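**Q** Once you've had a glance at the structure underneath, I'll fire off some questions.
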Amino acid sequence: MELPGHVYNLDVQQSKILRKFWHKLIIELDTLDSPPPPSKSTKPTLTSQPKEPLQPSLPSFHALCQIFGYDHPDCLILRFIRARKWDFEKSMQMFLNSLKWRKEFGLLELIKTGEEILDQEELLLGKVYFSGVDLEGRPIAVIHVRLHDKNKVDQQKTQRLTALMLEDGRLIMKKPVETASLIFDLTGFGPANSDLNFTKFLVSTLEAHYPESLGAIMILNAPWLFQGFWSLVKPLLDPVVANKVHFVKDAELLNFISKDNIPPAFAFVLDPATAASTKKKEKDAAKDPPASGYKYIPPTHEPKDPEEYKVKLQKYEIAVENFKSRTKKWSEPEFWEEVVSLTAEEEEARKLRDVASCQEREKSMIDLVECYAELAPFVRSKTYNDRVGNIDYSNLPWTSYKPVKS
């Protein structure tokens, strides 16, 4: 069921805010392509040096559409609007800040390059991976905290791994699900695993750039040592996020996950008799083995035809421009500003323009995502989640989803 405030279940006021958002967003991004005003300074001399052009802090509209990827273009934006309780100014600023972060972080390049630039040892160990879904149908990300040693990891590569997993999570969710649940496995947790700097990165990234993405957060088998670290982490959390945190022991996972979907690493909860020995073996291991049930499959290099890439890119660029022009028309102020007075004929004409603009935009969005699907092999590197079937392409793109309002 499509929840209120989501793509296919907006009331009149919410729809107006979304349209106003797009109107202002396009204006913001269009300034990137506008030539700078002529300088009023004195004429250049023979010895003067030309200034380097300033790099825009925001991505282009084309890059924005690639960020949407397989998703409905309104889906990501509505996450930010809902996160700021439908406050237009606050949600717009939040989204623009996130676009700047995505550009500065090099997110699109990371998605294109994939796992090759990550820490291969982290991938082999299985520190974080997706496994199954919870009772609400939300994909589950498993994080084995004992496999993270703050004294040994490359923080930059760990941050990239995190961002790539968050992007994969967007693809793993099956419509209408828009959130994922987390299991922080604290079996064997020690001082070397209490990485406050990385925790701050994770919290800020989730809250500022992937809002409205969290389901349940299960902290499994936390030892007494974790209490001190938790006292530092909890104040960092938004109260809404903090309320999603559940401290659980062993079989209490079954309050959130069905027996059929318990990740293999926690199969011991199905057989309490073996639970103690299994956990002790993992805790006392001299060298932490790969997580139970996890085996990393490295990528294979598939040759790409540069000529085919040019064709797909050109087709996608046409789809982007078409989507942009249709969205401009759909987000004209006449559809979201308060109208003082219209005659019956004027109102009827406005309604007809409204219906036409919605239909034209819907068609352009379908074309956009279909063209992206053709371009994706050239701009998105397949990850472990592709290779083990966690990403179900029959569920992508969003055009395959038939919404039902709750």
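Residue numbers start at 1 in each chain; chains themselves are named A, B, ... in the order of the structure tokens; ligands are numbered from 1 in the order shown.
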Neighbouring residues of Asp168 (chain A) were defined as those with any atom within 10 Å, considering only C-alpha atoms; residues of the same chain fewer than 5 positions away were excluded. Please report them as a ChimeraX atom specification.
**A** /A:111,130,162-163,173,382-386,390-391
**Q** DSSP on the backbone, strand (DSSP E) only: what residues of region 73-259 of chain A does that give? Format it as a PyMOL selection string.
**A** chain A and resi 128-133+139-144+180-185+214-220+245-248
**Q** Restricted to C-alpha atoms, what would the selected residues look like written as a compact mmCIF listing (two decimals), in the first residue's frame?
**A**
```
# COMPACT_ATOMS: atom_id res chain seq x y z
CA VAL A 128 28.45 -5.37 5.94
CA TYR A 129 26.04 -7.02 3.53
CA PHE A 130 22.32 -7.41 2.81
CA SER A 131 20.50 -10.60 3.75
CA GLY A 132 16.76 -11.22 3.56
CA VAL A 133 13.89 -8.99 4.66
CA PRO A 139 15.72 -5.43 3.27
CA ILE A 140 18.10 -6.17 6.14
CA ALA A 141 21.65 -4.84 6.24
CA VAL A 142 23.89 -6.88 8.54
CA ILE A 143 26.88 -5.14 10.15
CA HIS A 144 29.38 -7.32 12.05
CA ALA A 180 15.71 -0.80 5.16
CA SER A 181 16.42 -2.32 8.57
CA LEU A 182 19.84 -2.72 10.19
CA ILE A 183 21.31 -5.37 12.47
CA PHE A 184 24.43 -4.25 14.33
CA ASP A 185 25.94 -7.52 15.53
CA LEU A 214 15.61 3.61 8.04
CA GLY A 215 13.25 0.95 9.35
CA ALA A 216 14.13 -0.92 12.54
CA ILE A 217 17.65 -0.70 13.98
CA MET A 218 18.51 -3.85 15.93
CA ILE A 219 21.56 -3.83 18.21
CA LEU A 220 22.25 -7.48 18.84
CA VAL A 245 16.73 1.51 17.96
CA HIS A 246 16.02 -1.81 19.69
CA PHE A 247 18.50 -3.66 21.89
CA VAL A 248 17.87 -7.38 21.35
```
**Q** Extract, using only C-alpha atoms, all DNA, RNA and protein residues at most 10 Å from Glu337 (chain A), discarding same-chain residues fewer than 6 positions from it, and format them as a list in words.
**A** Lys16, Ile17, Arg19 and Lys20 of chain A
**Q** Extract, using only C-alpha atoms, all DNA, RNA and protein residues at most 8 Å from region 251-260 of chain A, discarding same-chain residues fewer than 6 positions from it, and format them as a PyMOL selection string.
**A** chain A and resi 133-135+218+269-270+272
**Q** Could you save the residues just selected, with N, CA and C atoms, as a PDB file, in the first residue's frame?
**A**
```pdb
ATOM      1  N   VAL A 133      14.754 -10.116   4.322  1.00  0.00           N
ATOM      2  CA  VAL A 133      13.885  -8.990   4.657  1.00  0.00           C
ATOM      3  C   VAL A 133      13.264  -9.220   6.030  1.00  0.00           C
ATOM      4  N   ASP A 134      12.816  -8.133   6.662  1.00  0.00           N
ATOM      5  CA  ASP A 134      12.169  -8.270   7.968  1.00  0.00           C
ATOM      6  C   ASP A 134      10.664  -8.505   7.792  1.00  0.00           C
ATOM      7  N   LEU A 135       9.921  -8.455   8.885  1.00  0.00           N
ATOM      8  CA  LEU A 135       8.491  -8.749   8.831  1.00  0.00           C
ATOM      9  C   LEU A 135       7.704  -7.720   8.028  1.00  0.00           C
ATOM     10  N   MET A 218      18.350  -2.836  14.890  1.00  0.00           N
ATOM     11  CA  MET A 218      18.507  -3.846  15.934  1.00  0.00           C
ATOM     12  C   MET A 218      19.964  -3.922  16.364  1.00  0.00           C
ATOM     13  N   VAL A 269      19.840 -18.549  16.492  1.00  0.00           N
ATOM     14  CA  VAL A 269      18.646 -18.159  17.257  1.00  0.00           C
ATOM     15  C   VAL A 269      17.502 -19.149  17.040  1.00  0.00           C
ATOM     16  N   LEU A 270      17.612 -19.940  15.974  1.00  0.00           N
ATOM     17  CA  LEU A 270      16.580 -20.943  15.701  1.00  0.00           C
ATOM     18  C   LEU A 270      16.819 -22.211  16.500  1.00  0.00           C
ATOM     19  N   PRO A 272      18.397 -22.653  20.122  1.00  0.00           N
ATOM     20  CA  PRO A 272      19.022 -22.108  21.332  1.00  0.00           C
ATOM     21  C   PRO A 272      20.079 -23.019  21.944  1.00  0.00           C
TER      22      PRO A 272
END
```
**Q** Just the number, please: distance in Å from CA of Thr113 (chain A) to CA of Lys295 (chain A), one decimal.
**A**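 If I compute the distance from CA of Thr113 (chain A) to CA of Lys295 (chain A), I get 21.2 Å.
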**Q** May I have the residues within 10 Å of Asp71 (chain A) as a list in words, using only C-alpha atoms and disregarding those fewer than 2 positions away in the same chain?
**A**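 Here the answer would be Cys65, Gln66, Ile67, Phe68, Gly69, Pro73, Asp74, Cys75, Leu76, Arg170, Leu171, Met365, Val369, Leu396, Pro397, Trp398 and Thr399 of chain A.
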**Q** With C-alpha atoms kept, could you save the residues just selected as a CSV table (one decimal), in the first residue's frame?
**A**
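Dumped to part.csv:
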```
chain,number,residue,atom,x,y,z
A,65,CYS,CA,18.7,12.4,-13.2
A,66,GLN,CA,21.6,9.9,-13.0
A,67,ILE,CA,21.3,10.2,-9.2
A,68,PHE,CA,17.6,9.3,-9.5
A,69,GLY,CA,18.7,6.2,-11.5
A,73,PRO,CA,12.2,11.2,-9.8
A,74,ASP,CA,9.8,12.4,-7.2
A,75,CYS,CA,10.6,9.6,-4.7
A,76,LEU,CA,14.0,10.9,-3.6
A,170,ARG,CA,17.9,1.9,-2.9
A,171,LEU,CA,17.9,-0.8,-5.6
A,365,MET,CA,9.5,9.9,-16.7
A,369,VAL,CA,14.0,5.6,-16.6
A,396,LEU,CA,13.1,-2.2,-11.5
A,397,PRO,CA,12.4,0.3,-12.7
A,398,TRP,CA,9.5,1.9,-10.8
A,399,THR,CA,7.4,1.7,-13.9
```
**Q** Residues at most 9 Å from region 84-86 of chain A, counting only C-alpha atoms, excluding those fewer than 6 positions away in the same chain, as a count of residues only?
**A** 4
**Q** With distances taken over only C-alpha atoms, which of A:Phe88, A:Phe378, A:Trp224, A:Trp330 is nearest to Lys310 (chain A)?
**A**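 For Lys310 (chain A), the nearest of the candidates is A:Phe378.
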**Q** Could you tell me how far CA of Thr179 (chain A) lies from CA of Val203 (chain A), in Å and to one decimal?
**A**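 Separation of CA of Thr179 (chain A) and CA of Val203 (chain A): 15.5 Å.
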**Q** What does the structure give for the distance between CA of Phe266 (chain A) and CA of Asn243 (chain A), in Å to one decimal?
**A**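 Separation of CA of Phe266 (chain A) and CA of Asn243 (chain A): 23.8 Å.
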**Q** So which residues touch Gly228 (chain A) within 12 Å, counting only C-alpha atoms, skipping near sequence neighbours fewer than 5 positions away, as a PDB file with N, CA, C and O atoms, in the first residue's frame?
**A**
```
ATOM      1  N   GLY A 190      34.785  -4.930  21.001  1.00  0.00           N
ATOM      2  CA  GLY A 190      35.879  -4.519  21.882  1.00  0.00           C
ATOM      3  C   GLY A 190      36.268  -3.079  21.636  1.00  0.00           C
ATOM      4  O   GLY A 190      35.697  -2.404  20.764  1.00  0.00           O
ATOM      5  N   PRO A 191      37.242  -2.563  22.382  1.00  0.00           N
ATOM      6  CA  PRO A 191      37.647  -1.162  22.253  1.00  0.00           C
ATOM      7  C   PRO A 191      38.040  -0.764  20.829  1.00  0.00           C
ATOM      8  O   PRO A 191      37.776   0.364  20.409  1.00  0.00           O
ATOM      9  N   SER A 194      35.086   0.468  18.641  1.00  0.00           N
ATOM     10  CA  SER A 194      34.310   1.661  19.020  1.00  0.00           C
ATOM     11  C   SER A 194      34.845   2.879  18.266  1.00  0.00           C
ATOM     12  O   SER A 194      35.590   3.688  18.811  1.00  0.00           O
ATOM     13  N   LEU A 196      34.204   6.185  16.884  1.00  0.00           N
ATOM     14  CA  LEU A 196      33.271   7.308  16.966  1.00  0.00           C
ATOM     15  C   LEU A 196      33.305   8.157  15.695  1.00  0.00           C
ATOM     16  O   LEU A 196      32.262   8.636  15.238  1.00  0.00           O
ATOM     17  N   ALA A 222      24.552  -6.639  22.759  1.00  0.00           N
ATOM     18  CA  ALA A 222      25.486  -5.593  23.186  1.00  0.00           C
ATOM     19  C   ALA A 222      26.102  -5.947  24.532  1.00  0.00           C
ATOM     20  O   ALA A 222      25.385  -6.205  25.505  1.00  0.00           O
ATOM     21  N   PRO A 223      27.434  -5.963  24.645  1.00  0.00           N
ATOM     22  CA  PRO A 223      28.082  -6.241  25.941  1.00  0.00           C
ATOM     23  C   PRO A 223      28.070  -4.986  26.812  1.00  0.00           C
ATOM     24  O   PRO A 223      27.782  -3.883  26.341  1.00  0.00           O
ATOM     25  N   VAL A 233      27.085   7.995  21.366  1.00  0.00           N
ATOM     26  CA  VAL A 233      26.398   7.911  20.079  1.00  0.00           C
ATOM     27  C   VAL A 233      24.962   8.425  20.150  1.00  0.00           C
ATOM     28  O   VAL A 233      24.506   9.159  19.255  1.00  0.00           O
ATOM     29  N   LYS A 234      24.253   8.077  21.199  1.00  0.00           N
ATOM     30  CA  LYS A 234      22.818   8.409  21.279  1.00  0.00           C
ATOM     31  C   LYS A 234      22.528   9.893  21.093  1.00  0.00           C
ATOM     32  O   LYS A 234      21.575  10.258  20.380  1.00  0.00           O
TER      33      LYS A 234
END
```
**Q** Among region 180-388 of chain A, which ones does DSSP assign to helix (DSSP H, G or I) (computed from the backbone)? Answer as a count of residues only.
**A** 129
